[in-house]
Amino acid sequence: MSDPALAEELAGLLEAGRGGEAAARALAGAADERTWVRDRALAALPRLPHARLLLPALEAALRDGGDAGRRNAARSILAALAAPGALAGAQRALDRLVRHDADPDVRLLAASALGESANPAARAGLEAALGDVDANVAAAAADALGSLRDPRSVEALAAVAGGGDPWRALAAVFALGRIGAARALPALAAATADPLLAGAAVEAIGELGEPAGLDALRGPAFSDDAELRRAALAAAAGLLPGATPPPPEWLREAARADADALAARFAGGAPADDRAAVLLGAAGTEAAAALLADALGDPERGPAAAGALGLLPSDVALAVLLPRIEAADAGAREELLAALPPLPDRAAAARVAALLDDADPEVRATVAEALGRAAPAAEVRALLAEALAEPARRAGAALALGRLSGGDCQLLVPLLEDPSAETRRAAAEGIARCPGDAVAAAVAAALARETDPAAIRALAAALAVTAGAGAVAPLALLARGPDAGARFAAVRALGRTGAAEALEVLLQVLGNADDPGLEAAALHALGELGDPRAAEAVAARIDGDHRDLRRVAAIALRKIAPAGAEERLVRALADADWRLRLSAARTLERVHAPGAERALRAAAEHDADPLVRRAAARALAASHTAAG
């Protein structure tokens, strides 16, 4: 029987007051061996009128110790009925059962159903059940609180984790990791000292994702238990990318002790072991550095190796990377340059600056980035001033000057008249970092005469930054001009002015654009401008027909963040396009939208895309924090 037919049959039975018969039919559907039949039956039930009539029979089925299938079906139905916005009586019934029923099996099933319901109202009853005389019921309540992921449960779970009962404590530790709240760290750190809990605590610390949890892994990383050591290192590898560099010395020592096994894991098989790569970077030996550097060109291992190279001690990284950069071809050279640490002295900077005339523009740009991060900025500035005298190195030198702290307007402004369009564009990009009043006039004059599309875009951006509100009039003129590339550049730049005067121009562009690219640029610029008066015009695009424009509109709302966009953003969470769902979830993290909680919880639990699930979980946590 299809789910519409089942729903119609149940509705008829309930309308006639035959709750027992309806419950029997619903239980049969929810106990069906076919997953799709069960799922459809459970989805249909909360929408039925008079569903409260099912509750007595479902509670009786929950007590039926002779039929495990029927009992579990009752649990699943009660969970579906107790979901937020479904049947409040079901949640209250489960709360009563978990607190007061004489049968521990019924209390356990009620706890499980409350966790599955994803209803925040279940928290109080589940926290009370943590003290149940039956350890299995208490463990089920802890697991259910982990499913709810409500940070307000951390203190109750932490008390159980330190309470001495290993079965309850173990369940509480796992639940703390699933909730993912930073304030769970002290309890989890304490649990690492208990041999029975240490493995679960280490796993939970890794799941928590808080870089501050690194310190709690120090003891387990040197344990006599090899499995616990490996788990602690794996958890540390997951936390390390978010921690303030460099890696702690104890982690370098622990990773060195396991270096041979890490190298074997990273080098062998596909896909590459990303955590082994991170730990090789933390180990910081020349052998580890060489292995990582040689993996950069490997499509399987390259991305992990690139991130891990940033964890090496600076002297080790330079000793391994600089000779390889000088000997590499263009493709490998770019990747090796990007992995360089900040250059510590003039000698290292000079070796990199020698590549400013590389034939590959991507390599020149990466050289400029490396020089812009160099520690001896004054010495690098002198090297680059010398390079400007050589036409082959001038464009690269201009790029690098623009990336130095504070830029160098005195050297860059004359380059706006250079014969090379690449040099003019590089100079304009650097000038955008210079003080405004000193260069705004020169930039405006250069923009008026420029013909190269890429240079026009760079000059428009520079004018927005250097002239502020004074840039609105010339950019508005450009935005209404005949050249499509110039219009696009001007619209994007208007958002960067930060000027209220830009709002009207951008709204006109948004209303009149017949090009989706220009409309997207206007939406992006309005988001950058952050003026709440644009909220309705931007939010309206979420309901449009153009998929990419809907996504850009959701992103733009992050800075404008109007409460009135809640309904549109909730609808976007159910869109077929995962990118729009991701943008909506990320925007809801910034917008106080209490009505979005149910949709966010559903996305956090069930969305097909892991990025969307994580973004929805963060938005849900932010909503709970805002609520108190």
# chains A, B, ... in the order shown; residues from 1 in each chain; ligands from 1

$ residues_around --residues "region 263-267 of chain A" --least-positions-apart "4" --cutoff "10 Å" --atoms "only C-alpha atoms" --output "PyMOL selection string"
chain A and resi 258-259+271-280+287-288+291-292+295+301+304-305

$ write_last_selection --atoms "C-alpha atoms" --output "tab-separated table (two decimals), in the first residue's frame"
chain	number	residue	atom	x	y	z
A	258	ASP	CA	55.82	7.44	15.23
A	259	ALA	CA	57.48	8.93	12.11
A	271	PRO	CA	43.40	7.90	-0.91
A	272	ALA	CA	46.17	9.60	0.99
A	273	ASP	CA	46.01	9.62	4.78
A	274	ASP	CA	45.49	13.33	5.50
A	275	ARG	CA	46.05	12.97	9.24
A	276	ALA	CA	49.33	11.16	8.67
A	277	ALA	CA	50.40	14.12	6.50
A	278	VAL	CA	49.52	16.60	9.25
A	279	LEU	CA	51.51	14.59	11.79
A	280	LEU	CA	54.51	14.39	9.45
A	287	ALA	CA	62.94	13.40	6.06
A	288	ALA	CA	59.28	14.22	6.68
A	291	LEU	CA	58.43	13.28	1.70
A	292	LEU	CA	55.79	16.00	1.84
A	295	ALA	CA	54.20	14.60	-2.84
A	301	ARG	CA	48.64	13.39	-1.78
A	304	ALA	CA	47.32	17.12	2.22
A	305	ALA	CA	51.06	17.64	1.75

$ select_by_dssp --residues "region 49-264 of chain A" --states "alpha helix (DSSP H)" --output "number ranges by chain"
A: 55-62, 68-81, 88-100, 104-117, 123-129, 135-148, 154-161, 166-179, 185-191, 198-208, 218-221, 226-239, 249-257, 259-264

$ residues_around --residues "Ala473 (chain A)" --least-positions-apart "2" --cutoff "10 Å" --atoms "only C-alpha atoms" --output "ChimeraX atom specification"
/A:469-471,475-479,494,501-502,505

$ atom_distance --atom1 "CA of Leu529 (chain A)" --atom2 "CA of Gly495 (chain A)"
4.9 Å

$ residues_around --residues "region 234-249 of chain A" --least-positions-apart "3" --cutoff "6 Å" --atoms "only C-alpha atoms" --output "PDB file with N, CA and C atoms, in the first residue's frame"
ATOM      1  N   GLY A 206      38.563  14.901  19.826  1.00  0.00           N
ATOM      2  CA  GLY A 206      38.766  15.096  18.388  1.00  0.00           C
ATOM      3  C   GLY A 206      37.498  15.496  17.684  1.00  0.00           C
ATOM      4  N   GLY A 209      36.438  19.260  17.957  1.00  0.00           N
ATOM      5  CA  GLY A 209      37.018  20.181  16.984  1.00  0.00           C
ATOM      6  C   GLY A 209      37.565  21.460  17.557  1.00  0.00           C
ATOM      7  N   PRO A 211      40.532  23.574  18.990  1.00  0.00           N
ATOM      8  CA  PRO A 211      41.992  23.521  19.104  1.00  0.00           C
ATOM      9  C   PRO A 211      42.490  23.549  20.544  1.00  0.00           C
ATOM     10  N   LEU A 214      43.889  20.411  22.356  1.00  0.00           N
ATOM     11  CA  LEU A 214      45.198  19.791  22.128  1.00  0.00           C
ATOM     12  C   LEU A 214      45.893  19.434  23.439  1.00  0.00           C
ATOM     13  N   ALA A 231      45.228   6.929  18.739  1.00  0.00           N
ATOM     14  CA  ALA A 231      43.976   7.693  18.761  1.00  0.00           C
ATOM     15  C   ALA A 231      44.235   9.145  19.151  1.00  0.00           C
ATOM     16  N   ARG A 252      55.316  17.495  18.493  1.00  0.00           N
ATOM     17  CA  ARG A 252      56.427  17.182  17.575  1.00  0.00           C
ATOM     18  C   ARG A 252      57.148  15.922  18.060  1.00  0.00           C
ATOM     19  N   ARG A 275      45.583  12.768   7.870  1.00  0.00           N
ATOM     20  CA  ARG A 275      46.049  12.967   9.239  1.00  0.00           C
ATOM     21  C   ARG A 275      47.512  12.545   9.390  1.00  0.00           C
ATOM     22  N   VAL A 278      49.469  15.557   8.232  1.00  0.00           N
ATOM     23  CA  VAL A 278      49.524  16.600   9.255  1.00  0.00           C
ATOM     24  C   VAL A 278      50.556  16.253  10.322  1.00  0.00           C
TER      25      VAL A 278
END

$ residues_around --residues "Cys409 (chain A)" --least-positions-apart "4" --cutoff "8 Å" --atoms "only C-alpha atoms" --output "ChimeraX atom specification"
/A:413,430-431,434,439

$ atom_distance --atom1 "CA of Val367 (chain A)" --atom2 "CA of Ala328 (chain A)"
13.9 Å

$ residues_around --residues "Leu114 (chain A)" --least-positions-apart "4" --cutoff "8 Å" --atoms "only C-alpha atoms" --output "NGL selection string"
:A and (79 or 82 or 91 or 94-95 or 110 or 118-119 or 122 or 126 or 144)

$ write_last_selection --atoms "C-alpha atoms" --output "PDB file, in the first residue's frame"
ATOM      1  CA  ALA A  79       9.609   9.751  18.160  1.00  0.00           C
ATOM      2  CA  ALA A  82       7.136  14.031  19.403  1.00  0.00           C
ATOM      3  CA  GLN A  91       6.520  14.582  23.792  1.00  0.00           C
ATOM      4  CA  LEU A  94       7.460  10.250  26.565  1.00  0.00           C
ATOM      5  CA  ASP A  95       8.672  12.678  29.222  1.00  0.00           C
ATOM      6  CA  ALA A 110      11.197   6.462  25.874  1.00  0.00           C
ATOM      7  CA  ALA A 118      15.124  16.074  17.875  1.00  0.00           C
ATOM      8  CA  ASN A 119      12.799  18.104  20.113  1.00  0.00           C
ATOM      9  CA  ALA A 122      12.969  16.724  25.611  1.00  0.00           C
ATOM     10  CA  LEU A 126      16.484  13.299  29.565  1.00  0.00           C
ATOM     11  CA  ALA A 144      19.713  10.856  23.441  1.00  0.00           C
TER      12      ALA A 144
END

$ residues_around --residues "Ala489 (chain A)" --least-positions-apart "3" --cutoff "8 Å" --atoms "only C-alpha atoms" --output "ChimeraX atom specification"
/A:456-457,460-461,479,485-486,492-493

$ write_last_selection --atoms "C-alpha atoms" --output "short mmCIF file (atom, residue, chain, number, x, y, z; two decimals), in the first residue's frame"
data_model
loop_
_atom_site.label_atom_id
_atom_site.label_comp_id
_atom_site.auth_asym_id
_atom_site.auth_seq_id
_atom_site.Cartn_x
_atom_site.Cartn_y
_atom_site.Cartn_z
CA ILE A 456 40.22 48.70 -15.38
CA ARG A 457 38.94 46.18 -12.84
CA ALA A 460 38.04 50.49 -10.09
CA ALA A 461 38.72 48.46 -6.94
CA ALA A 479 28.56 51.22 -14.31
CA GLY A 485 33.63 44.36 -18.32
CA ALA A 486 33.93 47.92 -17.03
CA ARG A 492 31.72 45.28 -7.69
CA ALA A 493 33.80 48.27 -6.64
#

$ atom_distance --atom1 "CA of Ala255 (chain A)" --atom2 "CA of Ala283 (chain A)"
4.9 Å

$ closest_residue --among "A:Val154, A:Leu355, A:Leu573, A:Leu416" --to "His606 (chain A)" --atoms "only C-alpha atoms"
A:Leu573

$ closest_residue --among "A:Ala359, A:Ala80, A:Arg551, A:Leu53" --to "Arg40 (chain A)" --atoms "only C-alpha atoms"
A:Ala80
